[in-house]
file protein21.txt (compact mmCIF, C-alpha atoms and all ligand atoms)
# COMPACT_ATOMS: atom_id res chain seq x y z
CA MET A 4 -13.01 -1.33 84.69
CA ALA A 5 -14.66 -2.69 81.55
CA LEU A 6 -16.35 -0.06 79.40
CA LEU A 7 -17.37 0.49 75.79
CA ARG A 8 -14.84 2.19 73.51
CA SER A 9 -15.52 3.56 70.01
CA VAL A 10 -12.91 1.79 67.90
CA VAL A 11 -12.03 2.89 64.35
CA VAL A 12 -12.49 -0.20 62.17
CA GLY A 13 -12.40 1.50 58.75
CA CYS A 14 -11.47 4.76 57.10
CA GLY A 15 -12.17 6.07 53.57
CA SER A 16 -12.25 9.22 51.49
CA TYR A 17 -13.30 10.63 48.16
CA LEU A 18 -12.12 13.63 46.15
CA PRO A 19 -13.88 15.22 43.17
CA ARG A 20 -12.33 14.54 39.77
CA GLN A 21 -11.47 18.14 38.90
CA VAL A 22 -8.18 19.54 40.26
CA VAL A 23 -7.71 23.32 40.33
CA THR A 24 -4.13 24.53 40.79
CA ASN A 25 -2.94 27.91 42.02
CA ALA A 26 -1.93 28.66 38.42
CA ASP A 27 -5.54 28.03 37.34
CA LEU A 28 -6.73 30.56 39.96
CA GLU A 29 -4.29 33.15 38.63
CA THR A 30 -6.53 33.28 35.54
CA ARG A 31 -9.66 33.99 37.66
CA VAL A 32 -8.55 36.50 40.33
CA GLU A 33 -5.53 38.71 40.93
CA THR A 34 -3.35 36.30 42.88
CA SER A 35 -0.16 34.26 42.50
CA ASP A 36 1.05 30.77 43.27
CA GLU A 37 3.81 32.35 45.35
CA TRP A 38 1.35 34.35 47.55
CA ILE A 39 -0.93 31.36 48.15
CA VAL A 40 1.89 28.91 48.95
CA GLN A 41 3.72 31.34 51.20
CA ARG A 42 0.64 32.40 53.21
CA THR A 43 -1.20 29.02 53.36
CA GLY A 44 0.85 26.10 51.98
CA ILE A 45 -1.94 25.31 49.48
CA ARG A 46 -0.87 24.26 45.95
CA GLN A 47 -4.08 22.74 44.58
CA ARG A 48 -7.62 21.79 45.56
CA HIS A 49 -10.37 19.51 44.15
CA ILE A 50 -13.59 21.17 42.99
CA ALA A 51 -16.87 19.26 42.68
CA GLY A 52 -18.68 19.04 39.35
CA PRO A 53 -22.43 19.69 39.10
CA ASP A 54 -23.26 16.00 39.72
CA GLU A 55 -20.90 15.76 42.71
CA THR A 56 -23.11 17.00 45.53
CA THR A 57 -22.10 16.75 49.19
CA SER A 58 -24.13 13.55 49.67
CA VAL A 59 -22.54 11.98 46.58
CA LEU A 60 -19.02 12.75 47.90
CA GLY A 61 -20.01 11.59 51.39
CA ALA A 62 -21.53 8.33 50.19
CA GLN A 63 -18.39 7.48 48.18
CA ALA A 64 -16.17 8.12 51.21
CA ALA A 65 -18.52 6.14 53.45
CA LYS A 66 -18.53 3.21 51.03
CA ALA A 67 -14.72 3.18 50.98
CA ALA A 68 -14.65 3.18 54.80
CA LEU A 69 -17.16 0.29 54.94
CA ASP A 70 -15.14 -1.69 52.37
CA ARG A 71 -11.97 -1.14 54.38
CA ALA A 72 -13.81 -2.38 57.50
CA GLY A 73 -15.18 -5.41 55.65
CA LEU A 74 -18.72 -4.28 56.51
CA SER A 75 -21.86 -3.33 54.59
CA GLY A 76 -24.56 -0.72 55.15
CA ALA A 77 -26.65 -3.33 56.98
CA ASP A 78 -24.05 -3.35 59.79
CA ILE A 79 -24.52 0.38 60.54
CA ASP A 80 -27.10 1.75 62.97
CA LEU A 81 -25.97 5.39 63.20
CA VAL A 82 -24.89 7.84 60.48
CA ILE A 83 -23.66 11.32 61.37
CA CYS A 84 -22.66 13.66 58.57
CA ALA A 85 -20.70 16.76 59.53
CA THR A 86 -21.33 19.40 56.88
CA SER A 87 -22.08 23.09 56.36
CA THR A 88 -22.86 22.58 52.69
CA PRO A 89 -25.83 20.16 52.68
CA ASP A 90 -27.44 19.26 49.35
CA HIS A 91 -30.69 20.80 50.62
CA THR A 92 -31.91 22.71 53.66
CA PHE A 93 -33.65 19.43 54.46
CA PRO A 94 -33.74 16.44 54.48
CA SER A 95 -30.31 15.99 56.00
CA THR A 96 -27.32 14.91 53.93
CA ALA A 97 -26.86 12.03 56.40
CA THR A 98 -30.25 10.54 55.46
CA GLN A 99 -29.34 10.83 51.76
CA ILE A 100 -26.07 8.99 52.41
CA GLN A 101 -28.04 6.41 54.41
CA ALA A 102 -30.33 5.83 51.41
CA MET A 103 -27.45 5.67 48.91
CA LEU A 104 -25.80 2.96 51.02
CA GLY A 105 -29.04 0.99 51.40
CA ILE A 106 -29.16 1.47 55.19
CA GLU A 107 -32.75 1.00 56.36
CA THR A 108 -32.34 0.70 60.12
CA GLY A 109 -31.02 2.93 62.90
CA PHE A 110 -30.91 6.71 62.61
CA ALA A 111 -29.02 9.45 60.76
CA PHE A 112 -28.56 13.19 61.21
CA ASP A 113 -26.36 16.10 60.13
CA LEU A 114 -24.12 17.95 62.54
CA GLN A 115 -23.12 21.55 61.85
CA ALA A 116 -20.00 22.89 63.53
CA VAL A 117 -18.34 24.18 60.33
CA CYS A 118 -14.64 23.20 60.14
CA ALA A 119 -14.82 21.59 63.61
CA GLY A 120 -17.75 19.41 62.47
CA PHE A 121 -15.84 16.14 62.17
CA VAL A 122 -14.36 16.41 65.69
CA PHE A 123 -17.84 17.23 67.05
CA ALA A 124 -19.30 14.27 65.11
CA VAL A 125 -16.69 11.80 66.41
CA ALA A 126 -17.28 13.00 70.00
CA THR A 127 -21.08 12.72 69.51
CA ALA A 128 -20.94 9.24 67.94
CA ASP A 129 -18.64 8.18 70.78
CA ARG A 130 -21.35 9.05 73.33
CA TYR A 131 -23.95 6.93 71.51
CA LEU A 132 -21.57 3.97 71.28
CA ALA A 133 -20.26 4.29 74.83
CA THR A 134 -23.80 4.16 76.25
CA GLY A 135 -24.84 1.22 74.08
CA ALA A 136 -27.41 3.32 72.19
CA ALA A 137 -25.75 2.30 68.89
CA LYS A 138 -23.34 -0.47 67.91
CA ARG A 139 -21.64 0.83 64.76
CA ALA A 140 -21.49 4.43 63.56
CA LEU A 141 -20.52 5.86 60.23
CA VAL A 142 -19.05 9.32 60.84
CA VAL A 143 -18.75 11.34 57.64
CA GLY A 144 -17.26 14.78 56.93
CA ALA A 145 -18.39 15.98 53.51
CA GLU A 146 -18.28 19.43 51.95
CA THR A 147 -18.69 21.38 48.72
CA PHE A 148 -17.40 24.75 49.91
CA SER A 149 -16.83 25.74 46.27
CA ARG A 150 -20.63 26.32 46.15
CA ILE A 151 -20.55 28.97 48.93
CA VAL A 152 -17.25 30.64 48.11
CA ASP A 153 -17.35 34.07 46.47
CA TRP A 154 -15.23 33.40 43.38
CA GLU A 155 -14.66 37.17 42.97
CA ASP A 156 -13.07 37.47 46.43
CA ARG A 157 -9.37 36.56 46.25
CA THR A 158 -8.97 36.73 50.02
CA THR A 159 -11.18 33.62 50.48
CA CYS A 160 -11.65 31.75 47.19
CA VAL A 161 -8.05 30.53 47.02
CA LEU A 162 -8.33 28.80 50.41
CA PHE A 163 -11.06 26.20 49.97
CA GLY A 164 -11.67 22.85 48.25
CA ASP A 165 -14.25 20.05 48.12
CA GLY A 166 -14.10 16.45 49.33
CA ALA A 167 -15.27 13.89 51.86
CA GLY A 168 -13.87 11.43 54.35
CA ALA A 169 -15.41 8.89 56.72
CA VAL A 170 -14.63 6.51 59.55
CA VAL A 171 -16.57 3.51 60.87
CA LEU A 172 -16.63 3.38 64.68
CA GLU A 173 -17.55 0.14 66.44
CA ALA A 174 -18.42 -0.27 70.14
CA ARG A 175 -15.95 -2.73 71.70
CA GLU A 176 -15.17 -3.53 75.29
CA GLY A 177 -12.04 -1.94 76.69
CA ASP A 178 -10.52 -2.10 80.16
CA GLY A 179 -10.57 1.67 80.73
CA THR A 180 -6.84 2.30 80.29
CA THR A 181 -4.99 4.38 77.69
CA ALA A 182 -3.85 1.10 76.11
CA ASP A 183 -7.45 0.55 74.90
CA ARG A 184 -8.17 1.04 71.23
CA GLY A 185 -10.80 3.70 70.48
CA VAL A 186 -11.69 7.28 71.38
CA LEU A 187 -9.92 7.89 74.71
CA ALA A 188 -11.02 11.49 75.34
CA SER A 189 -12.49 14.53 73.61
CA CYS A 190 -13.06 18.18 74.40
CA LEU A 191 -15.50 20.50 72.59
CA ARG A 192 -15.98 24.28 72.87
CA SER A 193 -17.87 27.08 71.16
CA ASP A 194 -18.28 30.84 71.52
CA GLY A 195 -20.93 32.51 69.37
CA ARG A 196 -19.65 36.02 70.03
CA HIS A 197 -17.18 35.55 67.16
CA ARG A 198 -19.84 35.18 64.46
CA ALA A 199 -18.74 38.18 62.39
CA LYS A 200 -15.19 36.86 61.91
CA LEU A 201 -16.26 33.86 59.84
CA TYR A 202 -19.79 33.42 58.52
CA VAL A 203 -22.01 32.94 55.47
CA ASP A 204 -24.07 36.02 54.59
CA GLY A 205 -27.29 34.16 53.85
CA GLY A 206 -29.52 31.31 54.96
CA PRO A 207 -33.10 29.97 54.82
CA GLY A 208 -34.21 31.86 57.93
CA SER A 209 -32.64 35.21 57.08
CA THR A 210 -32.19 36.05 53.40
CA GLY A 211 -33.82 32.98 51.90
CA THR A 212 -30.65 32.50 49.84
CA THR A 213 -27.62 30.28 50.35
CA GLY A 214 -25.22 33.20 50.79
CA LYS A 215 -21.44 33.42 50.44
CA LEU A 216 -18.59 32.83 52.87
CA ARG A 217 -17.09 35.94 54.53
CA MET A 218 -13.98 35.93 56.69
CA GLU A 219 -11.65 38.22 58.58
CA GLY A 220 -8.58 36.08 57.91
CA LYS A 221 -6.21 37.70 60.39
CA GLU A 222 -8.72 37.43 63.26
CA VAL A 223 -9.38 33.76 62.50
CA PHE A 224 -5.64 33.10 62.38
CA ARG A 225 -5.07 34.74 65.76
CA PHE A 226 -7.92 32.89 67.46
CA ALA A 227 -6.98 29.54 65.89
CA VAL A 228 -3.42 29.53 67.20
CA GLY A 229 -4.48 30.94 70.58
CA SER A 230 -7.38 28.60 71.39
CA VAL A 231 -6.94 25.27 69.76
CA THR A 232 -3.98 24.39 71.94
CA ASP A 233 -6.20 24.72 75.06
CA VAL A 234 -8.60 21.95 74.00
CA ILE A 235 -5.70 19.73 72.97
CA GLU A 236 -4.01 20.18 76.34
CA GLU A 237 -7.31 19.44 78.09
CA THR A 238 -7.73 16.28 76.02
CA PHE A 239 -4.21 15.14 76.96
CA ARG A 240 -5.01 15.83 80.62
CA ALA A 241 -8.35 14.01 80.52
CA SER A 242 -6.73 10.91 79.01
CA GLY A 243 -3.58 10.94 81.13
CA THR A 244 -1.29 11.22 78.10
CA THR A 245 1.17 13.85 76.87
CA ALA A 246 2.39 15.22 73.54
CA GLU A 247 5.35 12.82 73.80
CA ASP A 248 3.01 9.80 73.74
CA LEU A 249 1.46 10.95 70.46
CA SER A 250 2.11 8.99 67.26
CA TRP A 251 0.32 11.38 64.89
CA PHE A 252 -1.17 14.87 65.03
CA VAL A 253 -3.95 15.23 62.44
CA PRO A 254 -5.25 18.81 62.60
CA HIS A 255 -7.90 20.52 60.52
CA GLN A 256 -6.16 21.45 57.27
CA ALA A 257 -6.83 25.19 56.89
CA ASN A 258 -3.40 26.70 56.73
CA ARG A 259 0.10 25.27 57.06
CA ARG A 260 1.24 28.19 59.21
CA ILE A 261 -1.60 27.70 61.75
CA ILE A 262 -0.86 23.96 61.91
CA GLU A 263 2.88 24.37 62.44
CA ALA A 264 2.47 27.18 64.99
CA SER A 265 0.02 25.00 66.99
CA ALA A 266 2.31 21.94 66.84
CA ASP A 267 5.31 24.00 67.97
CA LYS A 268 3.35 25.53 70.85
CA LEU A 269 2.33 22.05 72.04
CA GLY A 270 5.80 20.55 71.67
CA ILE A 271 4.65 18.11 68.97
CA ALA A 272 7.50 17.18 66.62
CA ARG A 273 6.96 18.36 63.03
CA GLU A 274 7.46 14.80 61.67
CA LYS A 275 4.37 13.66 63.61
CA VAL A 276 2.15 16.22 61.83
CA VAL A 277 -0.01 14.91 58.96
CA LEU A 278 -0.32 17.61 56.28
CA THR A 279 -2.62 17.45 53.27
CA VAL A 280 -3.50 21.13 52.95
CA ASP A 281 -1.06 21.43 50.02
CA ARG A 282 -3.13 18.95 47.94
CA HIS A 283 -6.66 19.47 49.28
CA GLY A 284 -6.90 23.10 50.45
CA ASN A 285 -9.34 23.71 53.30
CA THR A 286 -12.21 21.21 52.92
CA SER A 287 -13.81 22.23 56.24
CA ALA A 288 -15.42 19.23 58.01
CA ALA A 289 -13.93 16.85 55.43
CA SER A 290 -10.31 17.83 55.99
CA ILE A 291 -9.51 15.62 59.01
CA PRO A 292 -11.00 12.34 57.68
CA LEU A 293 -9.35 13.05 54.31
CA ALA A 294 -5.99 13.44 56.09
CA LEU A 295 -6.61 10.38 58.29
CA ASP A 296 -7.34 8.27 55.23
CA ALA A 297 -4.27 9.56 53.37
CA ALA A 298 -2.04 8.65 56.34
CA CYS A 299 -3.69 5.22 56.75
CA ARG A 300 -3.28 4.39 53.08
CA ASP A 301 0.38 5.38 52.91
CA GLY A 302 1.08 3.24 56.00
CA ARG A 303 1.83 6.01 58.51
CA ILE A 304 -1.15 5.47 60.85
CA ARG A 305 -1.25 1.86 62.08
CA GLU A 306 -3.29 -0.06 64.61
CA GLY A 307 -2.28 0.91 68.14
CA ASP A 308 -1.03 4.40 67.19
CA LEU A 309 -2.12 7.34 69.33
CA VAL A 310 -3.74 10.00 67.10
CA MET A 311 -4.87 13.52 68.08
CA ILE A 312 -7.42 15.25 65.85
CA GLU A 313 -8.30 18.91 66.33
CA ALA A 314 -10.13 21.70 64.51
CA ILE A 315 -11.54 25.18 64.76
CA GLY A 316 -14.39 26.55 62.67
CA GLY A 317 -16.99 29.31 62.32
CA GLY A 318 -18.94 30.30 65.41
CA PHE A 319 -16.30 29.89 66.71
CA THR A 320 -16.45 26.16 67.38
CA TRP A 321 -13.37 24.14 68.29
CA GLY A 322 -12.40 20.80 69.72
CA ALA A 323 -10.02 17.88 69.92
CA ALA A 324 -10.26 14.10 70.26
CA LEU A 325 -7.62 11.52 71.13
CA ILE A 326 -7.95 8.14 69.43
CA ARG A 327 -5.96 4.94 69.94
CA TRP A 328 -6.12 3.59 66.34
N1 LIG B 401 -3.55 36.84 46.38
C1 LIG B 401 -2.74 37.90 46.47
N2 LIG B 401 -2.86 38.85 47.39
C2 LIG B 401 -3.83 38.69 48.32
C3 LIG B 401 -4.71 37.60 48.31
C4 LIG B 401 -4.54 36.66 47.28
N3 LIG B 401 -5.33 35.56 47.19
N4 LIG B 401 -5.56 37.74 49.33
C5 LIG B 401 -5.23 38.86 49.98
N5 LIG B 401 -4.19 39.44 49.37
C6 LIG B 401 -3.51 40.69 49.74
C7 LIG B 401 -4.35 41.59 50.58
O1 LIG B 401 -5.22 42.37 49.77
C8 LIG B 401 -3.31 42.42 51.28
O2 LIG B 401 -2.87 43.42 50.40
P1 LIG B 401 -2.53 44.90 50.96
O3 LIG B 401 -1.38 44.69 51.91
O4 LIG B 401 -2.15 45.63 49.71
O5 LIG B 401 -3.76 45.38 51.62
C9 LIG B 401 -2.16 41.44 51.47
O6 LIG B 401 -2.39 40.37 50.54
C10 LIG B 401 -2.08 40.87 52.88
O7 LIG B 401 -3.38 40.45 53.25
P2 LIG B 401 -3.67 39.83 54.67
O8 LIG B 401 -5.12 39.50 54.78
O9 LIG B 401 -3.06 40.71 55.69
O10 LIG B 401 -2.82 38.49 54.56
P3 LIG B 401 -2.47 37.49 55.71
O11 LIG B 401 -1.01 37.41 55.85
O12 LIG B 401 -3.28 37.71 56.94
O13 LIG B 401 -2.95 36.11 55.05
C11 LIG B 401 -4.77 34.56 55.19
C12 LIG B 401 -4.31 35.93 54.74
C13 LIG B 401 -3.99 33.51 54.42
C14 LIG B 401 -6.25 34.41 54.91
C15 LIG B 401 -4.47 34.43 56.69
O14 LIG B 401 -4.98 35.52 57.39
C16 LIG B 401 -5.03 33.17 57.26
O15 LIG B 401 -4.58 32.09 56.96
N6 LIG B 401 -6.03 33.30 58.13
C17 LIG B 401 -6.64 32.14 58.73
C18 LIG B 401 -7.89 31.95 58.06
C19 LIG B 401 -8.17 30.54 57.70
O16 LIG B 401 -7.33 29.67 57.65
N7 LIG B 401 -9.40 30.36 57.45
C20 LIG B 401 -9.84 29.11 57.01
C21 LIG B 401 -11.27 29.03 57.23
S1 LIG B 401 -11.61 28.99 58.85
C22 LIG B 401 -11.19 27.59 59.43
O17 LIG B 401 -10.95 26.67 58.75
C23 LIG B 401 -11.15 27.59 60.80

call {"tool": "encode", "arguments": {"input": "protein21.txt", "output": "structure tokens"}}
result
Amino acid sequence: MALLRSVVVGCGSYLPRQVVTNADLETRVETSDEWIVQRTGIRQRHIAGPDETTSVLGAQAAKAALDRAGLSGADIDLVICATSTPDHTFPSTATQIQAMLGIETGFAFDLQAVCAGFVFAVATADRYLATGAAKRALVVGAETFSRIVDWEDRTTCVLFGDGAGAVVLEAREGDGTTADRGVLASCLRSDGRHRAKLYVDGGPGSTGTTGKLRMEGKEVFRFAVGSVTDVIEETFRASGTTAEDLSWFVPHQANRRIIEASADKLGIAREKVVLTVDRHGNTSAASIPLALDAACRDGRIREGDLVMIEAIGGGFTWGAALIRW
């Protein structure tokens, strides 16, 4: 049966100029390269300069994705920016990106699902495209977590980095089979009872300040490995595919140990896992599109490949989406 699929026609990313290594962090807090690498797999991260706001990073990534697609801002009628670190409380970062790219038609909004934001944004854009409400969507994940990290807290500050990634999705007719290019299935979940395990201790409606990130690392770890596999299995079921059909597994890049434990649990071969956490750290909603772009540019992800993206973030929020590239 003919239906509309959301096909990835371009992918791009942008990283801030400044690189901060684990050795650099050793001069700021009591930590060591050995501890960070062993516990997380992170070796370095990019940190935004004062002029590199979330919308600036997002617009650069979006421009790269448009270039790769051979399109311009005039071809886009929907912009969704997944972020928890907007430039301002309002207007949305998405509208700022829209303006920077000279897009004057359609609509734009931010989506906040913390580290799961990009998966939520892809699933949301897919609904607009599948119903014909939009023709081409720019889906951006952009973050400057360095602005909300407590740089005195060694248990969190070593984990995060800044960056942005984007994909252009285009509505194209498919025949409704798993051979179609595009988003084949997605599954989203959230459970607000877990707020205290990962949150920011401020906000416009509570303290009137931005606040700093707080996390119970062990609890997040336990929940991440336990729950994310459920949404992935449901996404496989909904699409009629299995882990064996997968070409690439592109998870949220928070921690190498979480990623490898999830892949093992699902029976996904380690060589199919795209890992960038060593170079980027945890860039929250930006981590998946950054990893997708890295794997596209080095020739791993090619047209026709079956790609699973998945993430878990504060809330908790978590989800997965299966894309035929
Ligand atoms: N350098 C050196 N020592 C440290 C550091 C550090 N940066 N941070 C903590 N320690 C110490 C602790 O103080 C503790 O010392 P103690 O035994 O003397 O009390 C010791 O290391 C062990 O601390 P734990 O918190 O038990 O370490 P753990 O093995 O749990 O690793 C980590 C911590 C890496 C945060 C882990 O719990 C984890 O990865 N959790 C998942 C959280 C995550 O990935 N969050 C990302 C954001 S959320 C998301 O993206 C979904």

call {"tool": "residues_around", "arguments": {"input": "protein21.txt", "residues": "Ala77 in chain A", "least_positions_apart": "3", "cutoff": "9 Å", "atoms": "only C-alpha atoms", "output": "PyMOL selection string"}}
result
chain A and resi 74+80+104-108

call {"tool": "residues_near_ligand", "arguments": {"input": "protein21.txt", "ligand": "ligand LIG 401 (chain B)", "cutoff": "9 Å", "atoms": "all atoms listed in the file", "output": "count of residues only"}}
result
53

call {"tool": "closest_residue", "arguments": {"input": "protein21.txt", "among": "A:Gly185, A:Gly270, A:Leu309, A:Leu216", "to": "Leu7 in chain A", "atoms": "all atoms listed in the file"}}
result
A:Gly185

call {"tool": "residues_around", "arguments": {"input": "protein21.txt", "residues": "Val277 in chain A", "least_positions_apart": "3", "cutoff": "9 Å", "atoms": "all atoms listed in the file", "output": "PyMOL selection string"}}
result
chain A and resi 251-254+273-274+294-295+297-298

call {"tool": "atom_distance", "arguments": {"input": "protein21.txt", "atom1": "CA of Leu60 in chain A", "atom2": "CA of Thr98 in chain A"}}
result
13.7 Å

call {"tool": "closest_residue", "arguments": {"input": "protein21.txt", "among": "A:Gly179, A:Pro207, A:Gly195, A:Pro292", "to": "Ser242 in chain A", "atoms": "all atoms listed in the file"}}
result
A:Gly179

call {"tool": "atom_distance", "arguments": {"input": "protein21.txt", "atom1": "CA of Leu278 in chain A", "atom2": "CA of Pro53 in chain A"}}
result
28.1 Å

call {"tool": "closest_residue", "arguments": {"input": "protein21.txt", "among": "A:Glu263, A:Ala85, A:Gln115, A:Thr210", "to": "Gly144 in chain A", "atoms": "all atoms listed in the file"}}
result
A:Ala85

call {"tool": "residues_around", "arguments": {"input": "protein21.txt", "residues": "Cys299 in chain A", "least_positions_apart": "5", "cutoff": "10 Å", "atoms": "all atoms listed in the file", "output": "PyMOL selection string"}}
result
chain A and resi 13-15+293-294+304-306

call {"tool": "atom_distance", "arguments": {"input": "protein21.txt", "atom1": "CA of Leu141 in chain A", "atom2": "CA of Phe121 in chain A"}}
result
11.5 Å

call {"tool": "closest_residue", "arguments": {"input": "protein21.txt", "among": "A:Lys268, A:Lys66, A:His197, A:Arg46", "to": "Ile79 in chain A", "atoms": "only C-alpha atoms"}}
result
A:Lys66

call {"tool": "closest_residue", "arguments": {"input": "protein21.txt", "among": "A:Val10, A:Ile291, A:Ile100, A:Val59", "to": "Thr147 in chain A", "atoms": "all atoms listed in the file"}}
result
A:Val59

call {"tool": "closest_residue", "arguments": {"input": "protein21.txt", "among": "A:Gly44, A:Gly243, A:Gly214, A:Gly168", "to": "Gln63 in chain A", "atoms": "all atoms listed in the file"}}
result
A:Gly168

call {"tool": "residues_near_point", "arguments": {"input": "protein21.txt", "point": "(-16.9, 22.6, 46.0)", "cutoff": "12 Å", "atoms": "only C-alpha atoms", "output": "ChimeraX atom specification"}}
result
/A:18-23,48-57,60,87-90,145-154,160-167,283-287,289

call {"tool": "write_last_selection", "arguments": {"input": "protein21.txt", "atoms": "C-alpha atoms", "output": "PDB file, in the coordinates of the input"}}
result
ATOM      1  CA  LEU A  18     -12.120  13.630  46.150  1.00  0.00           C
ATOM      2  CA  PRO A  19     -13.880  15.220  43.170  1.00  0.00           C
ATOM      3  CA  ARG A  20     -12.330  14.540  39.770  1.00  0.00           C
ATOM      4  CA  GLN A  21     -11.470  18.140  38.900  1.00  0.00           C
ATOM      5  CA  VAL A  22      -8.180  19.540  40.260  1.00  0.00           C
ATOM      6  CA  VAL A  23      -7.710  23.320  40.330  1.00  0.00           C
ATOM      7  CA  ARG A  48      -7.620  21.790  45.560  1.00  0.00           C
ATOM      8  CA  HIS A  49     -10.370  19.510  44.150  1.00  0.00           C
ATOM      9  CA  ILE A  50     -13.590  21.170  42.990  1.00  0.00           C
ATOM     10  CA  ALA A  51     -16.870  19.260  42.680  1.00  0.00           C
ATOM     11  CA  GLY A  52     -18.680  19.040  39.350  1.00  0.00           C
ATOM     12  CA  PRO A  53     -22.430  19.690  39.100  1.00  0.00           C
ATOM     13  CA  ASP A  54     -23.260  16.000  39.720  1.00  0.00           C
ATOM     14  CA  GLU A  55     -20.900  15.760  42.710  1.00  0.00           C
ATOM     15  CA  THR A  56     -23.110  17.000  45.530  1.00  0.00           C
ATOM     16  CA  THR A  57     -22.100  16.750  49.190  1.00  0.00           C
ATOM     17  CA  LEU A  60     -19.020  12.750  47.900  1.00  0.00           C
ATOM     18  CA  SER A  87     -22.080  23.090  56.360  1.00  0.00           C
ATOM     19  CA  THR A  88     -22.860  22.580  52.690  1.00  0.00           C
ATOM     20  CA  PRO A  89     -25.830  20.160  52.680  1.00  0.00           C
ATOM     21  CA  ASP A  90     -27.440  19.260  49.350  1.00  0.00           C
ATOM     22  CA  ALA A 145     -18.390  15.980  53.510  1.00  0.00           C
ATOM     23  CA  GLU A 146     -18.280  19.430  51.950  1.00  0.00           C
ATOM     24  CA  THR A 147     -18.690  21.380  48.720  1.00  0.00           C
ATOM     25  CA  PHE A 148     -17.400  24.750  49.910  1.00  0.00           C
ATOM     26  CA  SER A 149     -16.830  25.740  46.270  1.00  0.00           C
ATOM     27  CA  ARG A 150     -20.630  26.320  46.150  1.00  0.00           C
ATOM     28  CA  ILE A 151     -20.550  28.970  48.930  1.00  0.00           C
ATOM     29  CA  VAL A 152     -17.250  30.640  48.110  1.00  0.00           C
ATOM     30  CA  ASP A 153     -17.350  34.070  46.470  1.00  0.00           C
ATOM     31  CA  TRP A 154     -15.230  33.400  43.380  1.00  0.00           C
ATOM     32  CA  CYS A 160     -11.650  31.750  47.190  1.00  0.00           C
ATOM     33  CA  VAL A 161      -8.050  30.530  47.020  1.00  0.00           C
ATOM     34  CA  LEU A 162      -8.330  28.800  50.410  1.00  0.00           C
ATOM     35  CA  PHE A 163     -11.060  26.200  49.970  1.00  0.00           C
ATOM     36  CA  GLY A 164     -11.670  22.850  48.250  1.00  0.00           C
ATOM     37  CA  ASP A 165     -14.250  20.050  48.120  1.00  0.00           C
ATOM     38  CA  GLY A 166     -14.100  16.450  49.330  1.00  0.00           C
ATOM     39  CA  ALA A 167     -15.270  13.890  51.860  1.00  0.00           C
ATOM     40  CA  HIS A 283      -6.660  19.470  49.280  1.00  0.00           C
ATOM     41  CA  GLY A 284      -6.900  23.100  50.450  1.00  0.00           C
ATOM     42  CA  ASN A 285      -9.340  23.710  53.300  1.00  0.00           C
ATOM     43  CA  THR A 286     -12.210  21.210  52.920  1.00  0.00           C
ATOM     44  CA  SER A 287     -13.810  22.230  56.240  1.00  0.00           C
ATOM     45  CA  ALA A 289     -13.930  16.850  55.430  1.00  0.00           C
TER      46      ALA A 289
END

call {"tool": "residues_around", "arguments": {"input": "protein21.txt", "residues": "Ala174 in chain A", "least_positions_apart": "5", "cutoff": "10 Å", "atoms": "all atoms listed in the file", "output": "JSON, numbers by chain"}}
result
{"A": [6, 7, 8, 9, 10, 11, 12, 129, 131, 132, 133, 134, 135, 136, 137, 138, 139, 140, 185]}

call {"tool": "residues_around", "arguments": {"input": "protein21.txt", "residues": "Ser250 in chain A", "least_positions_apart": "2", "cutoff": "7 Å", "atoms": "only C-alpha atoms", "output": "list in words"}}
result
Asp248, Lys275, Asp308, Leu309 and Val310 of chain A

call {"tool": "write_last_selection", "arguments": {"input": "protein21.txt", "atoms": "C-alpha atoms", "output": "PDB file, in the frame of the given file"}}
result
ATOM      1  CA  ASP A 248       3.010   9.800  73.740  1.00  0.00           C
ATOM      2  CA  LYS A 275       4.370  13.660  63.610  1.00  0.00           C
ATOM      3  CA  ASP A 308      -1.030   4.400  67.190  1.00  0.00           C
ATOM      4  CA  LEU A 309      -2.120   7.340  69.330  1.00  0.00           C
ATOM      5  CA  VAL A 310      -3.740  10.000  67.100  1.00  0.00           C
TER       6      VAL A 310
END

call {"tool": "axis_aligned_box", "arguments": {"input": "protein21.txt", "around": "range 303-306 of chain A", "padding_each_side": "8 Å", "output": "AutoDock Vina command-line options"}}
result
--center_x -0.7 --center_y 3.0 --center_z 61.6 --size_x 21.1 --size_y 22.1 --size_z 22.1

call {"tool": "decode", "arguments": {"input": "protein21.txt", "residues": "range 121-125 of chain A", "atoms": "N, CA, C and O atoms", "output": "PDB file, in the first residue's frame"}}
result
ATOM      1  N   PHE A 121      16.469  14.016  20.276  1.00  0.00           N
ATOM      2  CA  PHE A 121      16.577  13.824  18.824  1.00  0.00           C
ATOM      3  C   PHE A 121      15.667  12.687  18.352  1.00  0.00           C
ATOM      4  O   PHE A 121      15.020  12.803  17.308  1.00  0.00           O
ATOM      5  N   VAL A 122      15.590  11.610  19.126  1.00  0.00           N
ATOM      6  CA  VAL A 122      14.705  10.496  18.751  1.00  0.00           C
ATOM      7  C   VAL A 122      13.253  10.979  18.768  1.00  0.00           C
ATOM      8  O   VAL A 122      12.474  10.707  17.854  1.00  0.00           O
ATOM      9  N   PHE A 123      12.878  11.740  19.808  1.00  0.00           N
ATOM     10  CA  PHE A 123      11.522  12.289  19.883  1.00  0.00           C
ATOM     11  C   PHE A 123      11.256  13.218  18.689  1.00  0.00           C
ATOM     12  O   PHE A 123      10.159  13.237  18.132  1.00  0.00           O
ATOM     13  N   ALA A 124      12.267  14.011  18.304  1.00  0.00           N
ATOM     14  CA  ALA A 124      12.085  14.975  17.206  1.00  0.00           C
ATOM     15  C   ALA A 124      11.932  14.268  15.862  1.00  0.00           C
ATOM     16  O   ALA A 124      11.112  14.671  15.030  1.00  0.00           O
ATOM     17  N   VAL A 125      12.712  13.205  15.655  1.00  0.00           N
ATOM     18  CA  VAL A 125      12.586  12.436  14.400  1.00  0.00           C
ATOM     19  C   VAL A 125      11.190  11.809  14.330  1.00  0.00           C
ATOM     20  O   VAL A 125      10.513  11.875  13.297  1.00  0.00           O
TER      21      VAL A 125
END
